[in-house]
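Source file final.pdb; content: PDB, C-alpha atoms and all ligand atoms.
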```pdb
MODEL        1
ATOM      1  CA  MET A1477     -11.886  26.333   8.803
ATOM      2  CA  LYS A1478      -8.848  27.980   7.141
ATOM      3  CA  HIS A1479      -6.047  26.066   8.918
ATOM      4  CA  LEU A1480      -5.631  22.930  11.054
ATOM      5  CA  LEU A1481      -3.199  23.842  13.816
ATOM      6  CA  THR A1482      -4.457  22.113  16.964
ATOM      7  CA  THR A1483      -7.153  19.740  18.155
ATOM      8  CA  ARG A1484      -7.628  21.861  21.259
ATOM      9  CA  ASP A1485      -9.584  24.334  19.105
ATOM     10  CA  LEU A1486     -11.320  21.752  16.892
ATOM     11  CA  ARG A1487     -15.092  21.788  17.376
ATOM     12  CA  TYR A1488     -17.021  18.536  17.868
ATOM     13  CA  ALA A1489     -19.019  19.004  14.639
ATOM     14  CA  ASP A1490     -15.888  19.702  12.583
ATOM     15  CA  ALA A1491     -14.113  16.652  14.009
ATOM     16  CA  VAL A1492     -17.020  14.310  13.264
ATOM     17  CA  GLN A1493     -17.386  15.777   9.767
ATOM     18  CA  ILE A1494     -13.665  15.259   9.003
ATOM     19  CA  LEU A1495     -13.923  11.657  10.248
ATOM     20  CA  ASP A1496     -17.022  11.013   8.128
ATOM     21  CA  THR A1497     -15.186  12.410   5.080
ATOM     22  CA  ALA A1498     -12.165  10.253   5.913
ATOM     23  CA  ASP A1499     -14.394   7.172   5.793
ATOM     24  CA  GLN A1500     -15.523   8.216   2.296
ATOM     25  CA  MET A1501     -11.884   8.702   1.320
ATOM     26  CA  ALA A1502     -11.014   5.232   2.628
ATOM     27  CA  ALA A1503     -13.581   3.829   0.221
ATOM     28  CA  VAL A1504     -11.819   5.661  -2.638
ATOM     29  CA  SER A1505      -8.440   4.253  -1.526
ATOM     30  CA  SER A1506      -9.778   0.703  -1.634
ATOM     31  CA  ARG A1507     -10.827   0.997  -5.302
ATOM     32  CA  ALA A1508      -8.760  -0.021  -8.327
ATOM     33  CA  VAL A1509      -8.633   3.671  -9.383
ATOM     34  CA  LYS A1510      -7.634   5.473  -6.222
ATOM     35  CA  LYS A1511      -7.973   9.055  -7.447
ATOM     36  CA  LEU A1512     -10.513  11.852  -7.264
ATOM     37  CA  PRO A1513     -10.234  15.071  -9.294
ATOM     38  CA  ALA A1514     -11.286  17.202  -6.294
ATOM     39  CA  LEU A1515      -8.054  19.249  -5.948
ATOM     40  CA  ARG A1516      -6.890  19.275  -9.553
ATOM     41  CA  GLY A1517      -4.821  22.431 -10.194
ATOM     42  CA  ARG A1518      -4.049  23.000  -6.488
ATOM     43  CA  THR A1519      -0.556  22.723  -5.019
ATOM     44  CA  VAL A1520       0.356  21.275  -1.618
ATOM     45  CA  VAL A1521       3.810  21.949  -0.139
ATOM     46  CA  ASN A1522       5.174  19.483   2.429
ATOM     47  CA  LEU A1523       7.557  21.585   4.528
ATOM     48  CA  PHE A1524       9.421  19.179   6.809
ATOM     49  CA  PHE A1525      12.084  20.536   9.184
ATOM     50  CA  GLU A1526      12.079  17.258  11.169
ATOM     51  CA  ASP A1527      12.308  13.661  10.011
ATOM     52  CA  SER A1528       9.167  11.718   9.193
ATOM     53  CA  THR A1529       8.134   8.550   7.417
ATOM     54  CA  ARG A1530       4.397   8.123   7.970
ATOM     55  CA  THR A1531       3.208  11.735   8.091
ATOM     56  CA  ARG A1532       5.161  13.080   5.124
ATOM     57  CA  ILE A1533       4.463  10.128   2.839
ATOM     58  CA  SER A1534       0.794   9.963   3.757
ATOM     59  CA  PHE A1535       0.288  13.704   3.145
ATOM     60  CA  GLU A1536       1.960  13.265  -0.248
ATOM     61  CA  THR A1537      -0.204  10.223  -1.027
ATOM     62  CA  ALA A1538      -3.331  12.034   0.169
ATOM     63  CA  ALA A1539      -2.681  15.095  -2.005
ATOM     64  CA  LYS A1540      -1.952  12.950  -5.063
ATOM     65  CA  ARG A1541      -5.112  10.860  -4.548
ATOM     66  CA  LEU A1542      -7.024  14.149  -4.713
ATOM     67  CA  SER A1543      -5.124  15.081  -7.928
ATOM     68  CA  ALA A1544      -3.214  17.994  -6.342
ATOM     69  CA  ASP A1545       0.379  18.801  -7.301
ATOM     70  CA  VAL A1546       2.880  18.177  -4.494
ATOM     71  CA  ILE A1547       6.176  19.895  -3.651
ATOM     72  CA  ASN A1548       8.232  18.063  -1.037
ATOM     73  CA  PHE A1549      10.685  20.124   0.979
ATOM     74  CA  SER A1550      13.028  18.617   3.522
ATOM     75  CA  ALA A1551      15.257  20.895   5.592
ATOM     76  CA  LYS A1552      18.114  18.406   5.230
ATOM     77  CA  GLY A1553      20.005  19.278   2.058
ATOM     78  CA  SER A1554      18.168  22.625   1.647
ATOM     79  CA  SER A1555      19.270  26.252   2.083
ATOM     80  CA  VAL A1556      18.151  26.054   5.726
ATOM     81  CA  SER A1557      21.693  24.766   6.361
ATOM     82  CA  LYS A1558      22.950  28.119   4.978
ATOM     83  CA  GLY A1559      20.856  29.969   7.557
ATOM     84  CA  GLU A1560      17.691  30.676   5.546
ATOM     85  CA  SER A1561      14.825  31.533   7.902
ATOM     86  CA  LEU A1562      11.376  29.937   8.160
ATOM     87  CA  LYS A1563       9.850  33.113   6.716
ATOM     88  CA  ASP A1564      12.153  33.193   3.676
ATOM     89  CA  THR A1565      11.815  29.439   3.114
ATOM     90  CA  ALA A1566       8.026  29.622   3.243
ATOM     91  CA  GLN A1567       7.841  32.700   1.012
ATOM     92  CA  THR A1568      10.174  31.065  -1.523
ATOM     93  CA  LEU A1569       7.839  28.083  -1.728
ATOM     94  CA  MET A1570       4.796  30.374  -1.925
ATOM     95  CA  ALA A1571       6.379  32.010  -4.969
ATOM     96  CA  MET A1572       5.815  28.615  -6.586
ATOM     97  CA  SER A1573       2.073  29.120  -5.954
ATOM     98  CA  ALA A1574       1.280  26.854  -3.011
ATOM     99  CA  ASP A1575      -2.320  26.583  -1.867
ATOM    100  CA  ALA A1576      -1.544  24.625   1.306
ATOM    101  CA  VAL A1577       1.548  24.240   3.450
ATOM    102  CA  VAL A1578       1.926  21.135   5.593
ATOM    103  CA  ILE A1579       4.592  21.908   8.186
ATOM    104  CA  ARG A1580       6.557  19.781  10.659
ATOM    105  CA  HIS A1581       8.971  21.693  12.855
ATOM    106  CA  ALA A1582      10.983  21.050  16.017
ATOM    107  CA  SER A1583       9.785  24.346  17.508
ATOM    108  CA  SER A1584       6.411  24.330  19.222
ATOM    109  CA  GLY A1585       4.301  27.095  17.654
ATOM    110  CA  ALA A1586       5.989  27.200  14.229
ATOM    111  CA  PRO A1587       2.718  26.358  12.368
ATOM    112  CA  GLN A1588       0.850  29.052  14.342
ATOM    113  CA  GLN A1589       3.587  31.536  13.421
ATOM    114  CA  LEU A1590       3.243  30.635   9.750
ATOM    115  CA  ALA A1591      -0.551  30.857   9.809
ATOM    116  CA  GLY A1592      -0.798  34.077  11.800
ATOM    117  CA  SER A1593       2.167  36.064  10.541
ATOM    118  CA  GLY A1594       0.824  37.234   7.215
ATOM    119  CA  TRP A1595       4.024  35.885   5.600
ATOM    120  CA  ILE A1596       2.049  33.567   3.341
ATOM    121  CA  ASP A1597      -1.481  33.271   2.030
ATOM    122  CA  ALA A1598      -2.136  29.519   2.169
ATOM    123  CA  ALA A1599      -3.889  26.993   4.350
ATOM    124  CA  VAL A1600      -1.500  25.730   7.031
ATOM    125  CA  VAL A1601      -1.645  22.188   8.412
ATOM    126  CA  ASN A1602       0.345  21.268  11.496
ATOM    127  CA  ALA A1603       2.143  17.963  10.865
ATOM    128  CA  GLY A1604       3.761  17.998  14.317
ATOM    129  CA  ASP A1605       5.388  20.944  16.124
ATOM    130  CA  GLY A1606       7.886  20.237  18.893
ATOM    131  CA  LYS A1607       6.166  18.950  22.020
ATOM    132  CA  HIS A1608       2.969  20.836  21.205
ATOM    133  CA  GLU A1609       0.476  19.123  18.847
ATOM    134  CA  HIS A1610       0.067  16.621  16.008
ATOM    135  CA  PRO A1611      -3.599  17.069  15.061
ATOM    136  CA  THR A1612      -3.809  14.725  12.070
ATOM    137  CA  GLN A1613      -2.285  11.930  14.195
ATOM    138  CA  ALA A1614      -5.092  12.379  16.728
ATOM    139  CA  LEU A1615      -7.677  12.420  13.938
ATOM    140  CA  LEU A1616      -6.361   9.163  12.484
ATOM    141  CA  ASP A1617      -6.344   7.664  15.977
ATOM    142  CA  ALA A1618      -9.970   8.748  16.428
ATOM    143  CA  MET A1619     -10.851   7.249  13.032
ATOM    144  CA  THR A1620      -9.243   3.973  14.156
ATOM    145  CA  LEU A1621     -11.171   3.997  17.435
ATOM    146  CA  ARG A1622     -14.462   4.594  15.576
ATOM    147  CA  ARG A1623     -13.676   1.546  13.432
ATOM    148  CA  VAL A1624     -12.812  -0.537  16.493
ATOM    149  CA  ARG A1625     -16.180   0.408  18.002
ATOM    150  CA  SER A1626     -17.972  -0.228  14.707
ATOM    151  CA  ARG A1627     -16.511  -3.755  14.468
ATOM    152  CA  ALA A1628     -17.427  -4.488  18.085
ATOM    153  CA  THR A1629     -21.007  -3.221  17.869
ATOM    154  CA  GLY A1630     -21.881  -3.750  14.197
ATOM    155  CA  THR A1631     -22.934  -0.085  13.864
ATOM    156  CA  ALA A1632     -21.931   2.269  11.043
ATOM    157  CA  THR A1633     -19.204   4.828  11.740
ATOM    158  CA  THR A1634     -21.016   7.746  10.090
ATOM    159  CA  GLY A1635     -21.759  10.412  12.691
ATOM    160  CA  MET A1636     -20.209   8.249  15.410
ATOM    161  CA  ASP A1637     -18.300   9.755  18.322
ATOM    162  CA  LEU A1638     -16.313   8.029  21.077
ATOM    163  CA  GLU A1639     -18.741   8.550  23.966
ATOM    164  CA  GLY A1640     -18.069   6.002  26.715
ATOM    165  CA  MET A1641     -14.841   4.604  25.283
ATOM    166  CA  HIS A1642     -11.861   4.413  27.646
ATOM    167  CA  VAL A1643      -8.408   5.079  26.167
ATOM    168  CA  VAL A1644      -5.238   4.708  28.256
ATOM    169  CA  VAL A1645      -2.302   6.693  26.827
ATOM    170  CA  VAL A1646       1.017   5.416  28.189
ATOM    171  CA  GLY A1647       4.582   6.622  28.380
ATOM    172  CA  ASP A1648       6.544   9.720  27.499
ATOM    173  CA  VAL A1649       3.732  12.253  27.838
ATOM    174  CA  LEU A1650       6.209  15.036  28.644
ATOM    175  CA  HIS A1651       7.669  15.113  25.129
ATOM    176  CA  SER A1652       4.612  13.911  23.217
ATOM    177  CA  ARG A1653       2.642  16.061  20.792
ATOM    178  CA  VAL A1654       0.623  12.914  20.004
ATOM    179  CA  ALA A1655      -0.555  12.688  23.628
ATOM    180  CA  ARG A1656      -1.542  16.356  23.746
ATOM    181  CA  SER A1657      -3.557  16.241  20.513
ATOM    182  CA  ASN A1658      -5.249  13.010  21.585
ATOM    183  CA  VAL A1659      -6.192  14.329  25.034
ATOM    184  CA  TRP A1660      -8.055  17.230  23.450
ATOM    185  CA  LEU A1661      -9.658  15.424  20.505
ATOM    186  CA  LEU A1662     -10.658  12.174  22.217
ATOM    187  CA  SER A1663     -12.233  14.061  25.100
ATOM    188  CA  THR A1664     -14.099  16.383  22.679
ATOM    189  CA  LEU A1665     -15.485  13.202  21.093
ATOM    190  CA  GLY A1666     -16.644  11.879  24.475
ATOM    191  CA  ALA A1667     -13.927   9.370  25.356
ATOM    192  CA  ARG A1668     -12.501   8.967  28.842
ATOM    193  CA  VAL A1669      -8.737   9.482  28.577
ATOM    194  CA  THR A1670      -6.269   8.249  31.211
ATOM    195  CA  LEU A1671      -2.602   9.204  30.936
ATOM    196  CA  VAL A1672      -0.152   6.804  32.595
ATOM    197  CA  ALA A1673       3.536   7.699  32.867
ATOM    198  CA  PRO A1674       6.535   7.711  35.163
ATOM    199  CA  PRO A1675       6.282  10.845  37.352
ATOM    200  CA  THR A1676       9.361  12.268  35.559
ATOM    201  CA  LEU A1677       7.569  12.108  32.197
ATOM    202  CA  VAL A1678       4.375  13.954  33.166
ATOM    203  CA  PRO A1679       4.290  17.675  32.270
ATOM    204  CA  VAL A1680       4.044  20.073  35.202
ATOM    205  CA  ALA A1681       1.079  22.102  33.924
ATOM    206  CA  THR A1682      -1.785  19.713  33.185
ATOM    207  CA  ASP A1683      -4.464  21.324  35.384
ATOM    208  CA  ASP A1684      -6.751  22.177  32.469
ATOM    209  CA  TRP A1685      -6.235  18.899  30.561
ATOM    210  CA  PRO A1686      -9.512  16.949  30.258
ATOM    211  CA  CYS A1687      -8.084  13.609  31.425
ATOM    212  CA  GLU A1688      -7.059  11.559  34.426
ATOM    213  CA  ILE A1689      -3.374  11.086  35.238
ATOM    214  CA  GLY A1690      -1.926   7.966  36.876
ATOM    215  CA  TYR A1691       1.433   6.290  37.343
ATOM    216  CA  ASP A1692       0.554   2.578  37.547
ATOM    217  CA  LEU A1693       0.063   0.831  34.193
ATOM    218  CA  ASP A1694      -1.137  -2.455  35.689
ATOM    219  CA  GLU A1695      -3.828  -0.617  37.648
ATOM    220  CA  ALA A1696      -5.006   1.083  34.430
ATOM    221  CA  LEU A1697      -4.983  -2.151  32.393
ATOM    222  CA  ALA A1698      -6.960  -3.942  35.104
ATOM    223  CA  GLN A1699      -9.867  -1.683  34.120
ATOM    224  CA  ALA A1700      -9.924  -3.412  30.696
ATOM    225  CA  PRO A1701      -9.852  -0.207  28.625
ATOM    226  CA  ASP A1702     -11.029  -0.181  25.014
ATOM    227  CA  ALA A1703      -7.565   0.857  23.866
ATOM    228  CA  VAL A1704      -4.073   1.300  25.192
ATOM    229  CA  MET A1705      -2.038   3.806  23.188
ATOM    230  CA  MET A1706       1.713   3.398  23.678
ATOM    231  CA  LEU A1707       3.847   6.503  23.121
ATOM    232  CA  ARG A1708       7.348   6.462  21.703
ATOM    233  CA  LEU A1709      10.053   7.184  24.262
ATOM    234  CA  GLN A1710      11.601  10.312  22.686
ATOM    235  CA  ARG A1711      15.220   9.844  23.654
ATOM    236  CA  GLU A1712      16.314  12.571  21.232
ATOM    237  CA  ARG A1713      14.501  15.135  23.391
ATOM    238  CA  MET A1714      15.988  13.891  26.714
ATOM    239  CA  ASN A1715      19.222  14.544  28.541
ATOM    240  CA  ALA A1716      21.573  11.753  29.606
ATOM    241  CA  ALA A1717      20.324  11.710  33.188
ATOM    242  CA  PHE A1718      16.976  10.287  32.177
ATOM    243  CA  PHE A1719      15.066   8.448  34.912
ATOM    244  CA  PRO A1720      13.816   5.746  34.875
ATOM    245  CA  SER A1721      16.429   3.694  33.052
ATOM    246  CA  GLU A1722      15.282   1.862  29.927
ATOM    247  CA  ALA A1723      15.024  -1.424  31.861
ATOM    248  CA  GLU A1724      12.954   0.220  34.608
ATOM    249  CA  TYR A1725      10.806   1.921  31.988
ATOM    250  CA  THR A1726       9.974  -1.327  30.212
ATOM    251  CA  ARG A1727       9.238  -3.093  33.520
ATOM    252  CA  GLY A1728       6.925  -0.335  34.726
ATOM    253  CA  TRP A1729       5.410   1.158  31.601
ATOM    254  CA  GLY A1730       6.093  -1.173  28.680
ATOM    255  CA  LEU A1731       3.387  -3.201  26.943
ATOM    256  CA  THR A1732       5.271  -6.424  27.607
ATOM    257  CA  ALA A1733       4.344  -9.981  26.615
ATOM    258  CA  GLN A1734       3.279 -10.597  30.241
ATOM    259  CA  ARG A1735       0.855  -7.672  30.164
ATOM    260  CA  VAL A1736      -0.538  -8.881  26.824
ATOM    261  CA  GLN A1737      -1.102 -12.354  28.360
ATOM    262  CA  ARG A1738      -2.845 -10.806  31.381
ATOM    263  CA  LEU A1739      -5.252  -8.860  29.132
ATOM    264  CA  GLU A1740      -5.942 -12.046  27.142
ATOM    265  CA  ALA A1741      -6.645 -13.976  30.364
ATOM    266  CA  MET A1742      -9.051 -11.242  31.525
ATOM    267  CA  GLY A1743     -10.914 -11.354  28.211
ATOM    268  CA  ALA A1744     -10.391  -7.587  27.919
ATOM    269  CA  PRO A1745     -11.449  -5.951  24.633
ATOM    270  CA  THR A1746      -8.326  -3.762  24.624
ATOM    271  CA  VAL A1747      -6.677  -2.937  21.281
ATOM    272  CA  PHE A1748      -3.021  -1.899  21.085
ATOM    273  CA  MET A1749      -2.240   1.438  19.415
ATOM    274  CA  HIS A1750       1.075   3.148  18.656
ATOM    275  CA  PRO A1751       1.646   6.198  16.415
ATOM    276  CA  GLY A1752       5.005   4.878  15.203
ATOM    277  CA  PRO A1753       7.900   4.717  14.875
ATOM    278  CA  MET A1754       8.031   2.015  17.568
ATOM    279  CA  ASN A1755      10.924   1.215  19.890
ATOM    280  CA  ARG A1756      10.294  -2.536  19.957
ATOM    281  CA  GLY A1757      11.361  -4.119  23.221
ATOM    282  CA  LEU A1758      11.278  -0.751  25.002
ATOM    283  CA  GLU A1759       7.762   0.744  25.167
ATOM    284  CA  ILE A1760       6.124  -2.084  23.212
ATOM    285  CA  SER A1761       7.000  -5.764  22.825
ATOM    286  CA  SER A1762       6.816  -7.566  19.496
ATOM    287  CA  GLU A1763       4.111  -9.772  21.071
ATOM    288  CA  ALA A1764       1.951  -6.628  21.383
ATOM    289  CA  ALA A1765       2.990  -4.887  18.145
ATOM    290  CA  ASP A1766       2.318  -7.988  16.019
ATOM    291  CA  SER A1767      -0.737  -9.183  17.949
ATOM    292  CA  PRO A1768      -4.168  -9.445  16.269
ATOM    293  CA  ARG A1769      -5.143  -6.717  18.756
ATOM    294  CA  SER A1770      -2.593  -4.320  17.249
ATOM    295  CA  THR A1771      -4.009  -1.444  15.153
ATOM    296  CA  VAL A1772      -0.587  -0.008  14.260
ATOM    297  CA  LEU A1773      -0.812  -0.605  10.501
ATOM    298  CA  GLU A1774      -4.518   0.222  10.381
ATOM    299  CA  GLN A1775      -3.577   3.585  11.926
ATOM    300  CA  VAL A1776      -1.109   4.169   9.075
ATOM    301  CA  SER A1777      -3.768   3.400   6.431
ATOM    302  CA  ASN A1778      -6.278   5.628   8.192
ATOM    303  CA  GLY A1779      -3.674   8.402   8.135
ATOM    304  CA  VAL A1780      -3.955   8.675   4.355
ATOM    305  CA  SER A1781      -7.757   8.912   4.539
ATOM    306  CA  VAL A1782      -7.735  11.513   7.323
ATOM    307  CA  ARG A1783      -5.174  13.643   5.480
ATOM    308  CA  MET A1784      -7.237  13.435   2.282
ATOM    309  CA  ALA A1785     -10.233  14.622   4.309
ATOM    310  CA  VAL A1786      -8.306  17.516   5.870
ATOM    311  CA  LEU A1787      -6.822  18.708   2.552
ATOM    312  CA  PHE A1788     -10.232  18.414   0.885
ATOM    313  CA  ARG A1789     -11.882  20.383   3.669
ATOM    314  CA  LEU A1790      -9.269  23.176   3.658
ATOM    315  CA  LEU A1791      -8.711  23.519  -0.076
ATOM    316  CA  SER A1792     -12.117  22.852  -1.625
ATOM    317  CA  GLY A1793     -13.918  25.147   0.818
ATOM    318  CA  ASP A1794     -16.585  22.440   0.837
ATOM    319  CA  GLU A1795     -17.808  21.346   4.262
ATOM    320  CA  SER A1796     -19.790  18.408   2.896
ATOM    321  CA  THR A1797     -18.259  15.064   1.992
ATOM    322  CA  PRO A1798     -17.107  14.866  -1.652
ATOM    323  CA  ALA A1799     -18.825  12.880  -4.362
ATOM    324  CA  THR A1800     -16.757   9.706  -4.568
ATOM    325  CA  ASN A1801     -18.692   7.847  -7.243
ATOM    326  CA  ALA A1802     -17.044   6.388 -10.314
ATOM    327  CA  ALA A1803     -18.326   9.257 -12.513
ATOM    328  CA  ASN A1804     -15.943  11.594 -10.698
ATOM    329  CA  GLU A1805     -12.840   9.529 -11.268
ATOM    330  CA  ASN A1806      -9.938  10.808 -13.294
TER     331      ASN A1806
HETATM  332  N1  LIG A1901       3.429   9.103  13.791
HETATM  333  C1  LIG A1901       4.320   9.888  13.126
HETATM  334  O1  LIG A1901       4.228  11.108  13.168
HETATM  335  O2  LIG A1901       5.267   9.206  12.426
HETATM  336  P1  LIG A1901       6.400   9.890  11.530
HETATM  337  O3  LIG A1901       7.327  10.624  12.453
HETATM  338  O4  LIG A1901       7.058   8.756  10.805
HETATM  339  O5  LIG A1901       5.721  10.853  10.598
ENDMDL
END
```
Represent the structure of the file as structure tokens.
Amino acid sequence: MKHLLTTRDLRYADAVQILDTADQMAAVSSRAVKKLPALRGRTVVNLFFEDSTRTRISFETAAKRLSADVINFSAKGSSVSKGESLKDTAQTLMAMSADAVVIRHASSGAPQQLAGSGWIDAAVVNAGDGKHEHPTQALLDAMTLRRVRSRATGTATTGMDLEGMHVVVVGDVLHSRVARSNVWLLSTLGARVTLVAPPTLVPVATDDWPCEIGYDLDEALAQAPDAVMMLRLQRERMNAAFFPSEAEYTRGWGLTAQRVQRLEAMGAPTVFMHPGPMNRGLEISSEAADSPRSTVLEQVSNGVSVRMAVLFRLLSGDESTPATNAANEN
């Protein structure tokens, strides 16, 4: 594996191996000394053309926990405002000897362009491109679901997939790279995925997507899924004539306090996921976001471990999990 661009192309064995490595990395992160020397001398560039809190900071944390050097680039305040192109920006950063480029871009396909153009000779990691994919988000969601299953069954996560789990993904599927990456990865790992959205927020071309599509959230929740993953309503990618209105959206597709109470009354096992940032009171109520069933902050923690695993896999050239014993500490 030279790059991580999509989950659509990620093989089952590679996905499980990255998740197993992420579990090892989580053990490192829980120690007093949170560092491994695995990527000492390597340089990771975070190339962010769109805003981010979780993804950018967790890639930086992940690289530093593996002892890599990190260069953070944000388009805001850079020479991009003077018209510098993606190619020239990337090649400028490569001249500072980058081994990996983590890129977030508003244009779908920008990471593929960087990886396939021959402009740079570095591993490329897609940190979210337009409406296309966000593969490390899906991997951290899969890591969270493995842990949910492990807690419920008392079995170890190592080698675990998501066979038989039912995940309902709700909301603005049309604009969501998180939904796309999760559809591909969760189904590769054996989960049943149901997308639920207003008809105006379902993409037209979903014929080859390995999932079910529905429009009624209450019908989907009545099946007591293992997880309900709420998507952020991406108002910045919508025009003013958006339908439904925000009030209609919350009534029909929000994880409201009433829906939380109904799941409680049913005794459903359902956990509440959200990639963040959340629009509280719109797609998710505070009752859901702050509930003991919420995995929102666990997802953030797992993001560091998954990104450590991905950087380790791409930059060390080692497909096995790293030695994480105390003898290897800095
Ligand atoms: N989930 C996610 O991508 O969050 P950020 O936009 O804060 O990185």
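The closest residue to A:Thr1565, picked from A:Thr1732, A:Gln1588, A:Asn1522, A:Ser1767 and counting all atoms listed in the file, is A:Asn1522.
Of the listed residues A:Arg1530, A:Arg1653, A:Arg1708, A:Arg1516, the one whose atoms come nearest to ligand LIG 1901 (chain A) is A:Arg1530, with distances taken using only C-alpha atoms and all ligand atoms.
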**Request:** Tell me which of A:Gly1635, A:Gly1779, A:Pro1753, A:Gly1647 sits closest to A:Tyr1725, counting all atoms listed in the file.
**Result:** A:Gly1647
**Request:** Output the residue selection produced by the PyMOL selection byres (((chain A and resi 1682) around 12) and not hetatm) on the file above, formatted as a PyMOL selection string.
**Result:** chain A and resi 1649-1650+1655-1656+1659-1660+1671+1678-1681+1683-1689
Written selection (C-alpha atoms) as an mmCIF file, in the coordinates of the input:
```cif
data_model
loop_
_atom_site.group_PDB
_atom_site.id
_atom_site.type_symbol
_atom_site.label_atom_id
_atom_site.label_comp_id
_atom_site.auth_asym_id
_atom_site.auth_seq_id
_atom_site.Cartn_x
_atom_site.Cartn_y
_atom_site.Cartn_z
ATOM 1 C CA VAL A 1649 3.732 12.253 27.838
ATOM 2 C CA LEU A 1650 6.209 15.036 28.644
ATOM 3 C CA ALA A 1655 -0.555 12.688 23.628
ATOM 4 C CA ARG A 1656 -1.542 16.356 23.746
ATOM 5 C CA VAL A 1659 -6.192 14.329 25.034
ATOM 6 C CA TRP A 1660 -8.055 17.230 23.450
ATOM 7 C CA LEU A 1671 -2.602 9.204 30.936
ATOM 8 C CA VAL A 1678 4.375 13.954 33.166
ATOM 9 C CA PRO A 1679 4.290 17.675 32.270
ATOM 10 C CA VAL A 1680 4.044 20.073 35.202
ATOM 11 C CA ALA A 1681 1.079 22.102 33.924
ATOM 12 C CA ASP A 1683 -4.464 21.324 35.384
ATOM 13 C CA ASP A 1684 -6.751 22.177 32.469
ATOM 14 C CA TRP A 1685 -6.235 18.899 30.561
ATOM 15 C CA PRO A 1686 -9.512 16.949 30.258
ATOM 16 C CA CYS A 1687 -8.084 13.609 31.425
ATOM 17 C CA GLU A 1688 -7.059 11.559 34.426
ATOM 18 C CA ILE A 1689 -3.374 11.086 35.238
#
```
Hey, can I get the axis-aligned box for ligand LIG 1901 (chain A)? All listed atoms, 5 Å padding on each side, centre and edge lengths in Å to one decimal, as AutoDock Vina command-line options.
```
--center_x 5.4 --center_y 9.9 --center_z 12.2 --size_x 13.9 --size_y 12.4 --size_z 13.2
```
**Request:** In Å, rounded to a single decimal, give me how far atom CA of A:Ala1598 is from atom CA of A:Asp1575.
**Result:** 5.0 Å
**Request:** Could you pull out the residues sitting within 6 Å of ligand LIG 1901 (chain A), using all atoms listed in the file, and write them as a ChimeraX atom specification?
**Result:** /A:1528-1532,1751-1753
**Message:** For A:Leu1515, find every residue with an atom within 7 Å (counting only C-alpha atoms), except residues of its own chain fewer than 2 positions away, and show them as a ChimeraX atom specification.
**Reply:** /A:1513,1517-1518,1542-1544,1792
**Prompt:** For the file shown, what are the residues hit by the PyMOL selection byres (((chain A and resi 1535) around 10) and not hetatm), laid out as a list in words?
**Reply:** Val1520, Val1521, Asn1522, Arg1530, Thr1531, Arg1532, Ile1533, Ser1534, Glu1536, Thr1537, Ala1538, Ala1539, Lys1540, Arg1541, Val1546, Asn1548, Val1578, Ala1603, Thr1612, Gly1779, Val1780, Ser1781, Val1782, Arg1783, Met1784, Val1786 and Leu1787 of chain A
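Candidate residues A:Met1477, A:Leu1697, A:Ala1764, A:Met1636 were compared for distance to A:Thr1620, and the nearest is A:Met1636, using all atoms listed in the file.
The shortest atom-to-atom distance to A:Leu1758, with all atoms listed in the file taken into account, belongs to A:Leu1707 out of A:Val1509, A:Leu1707, A:Leu1638, A:Ala1741.
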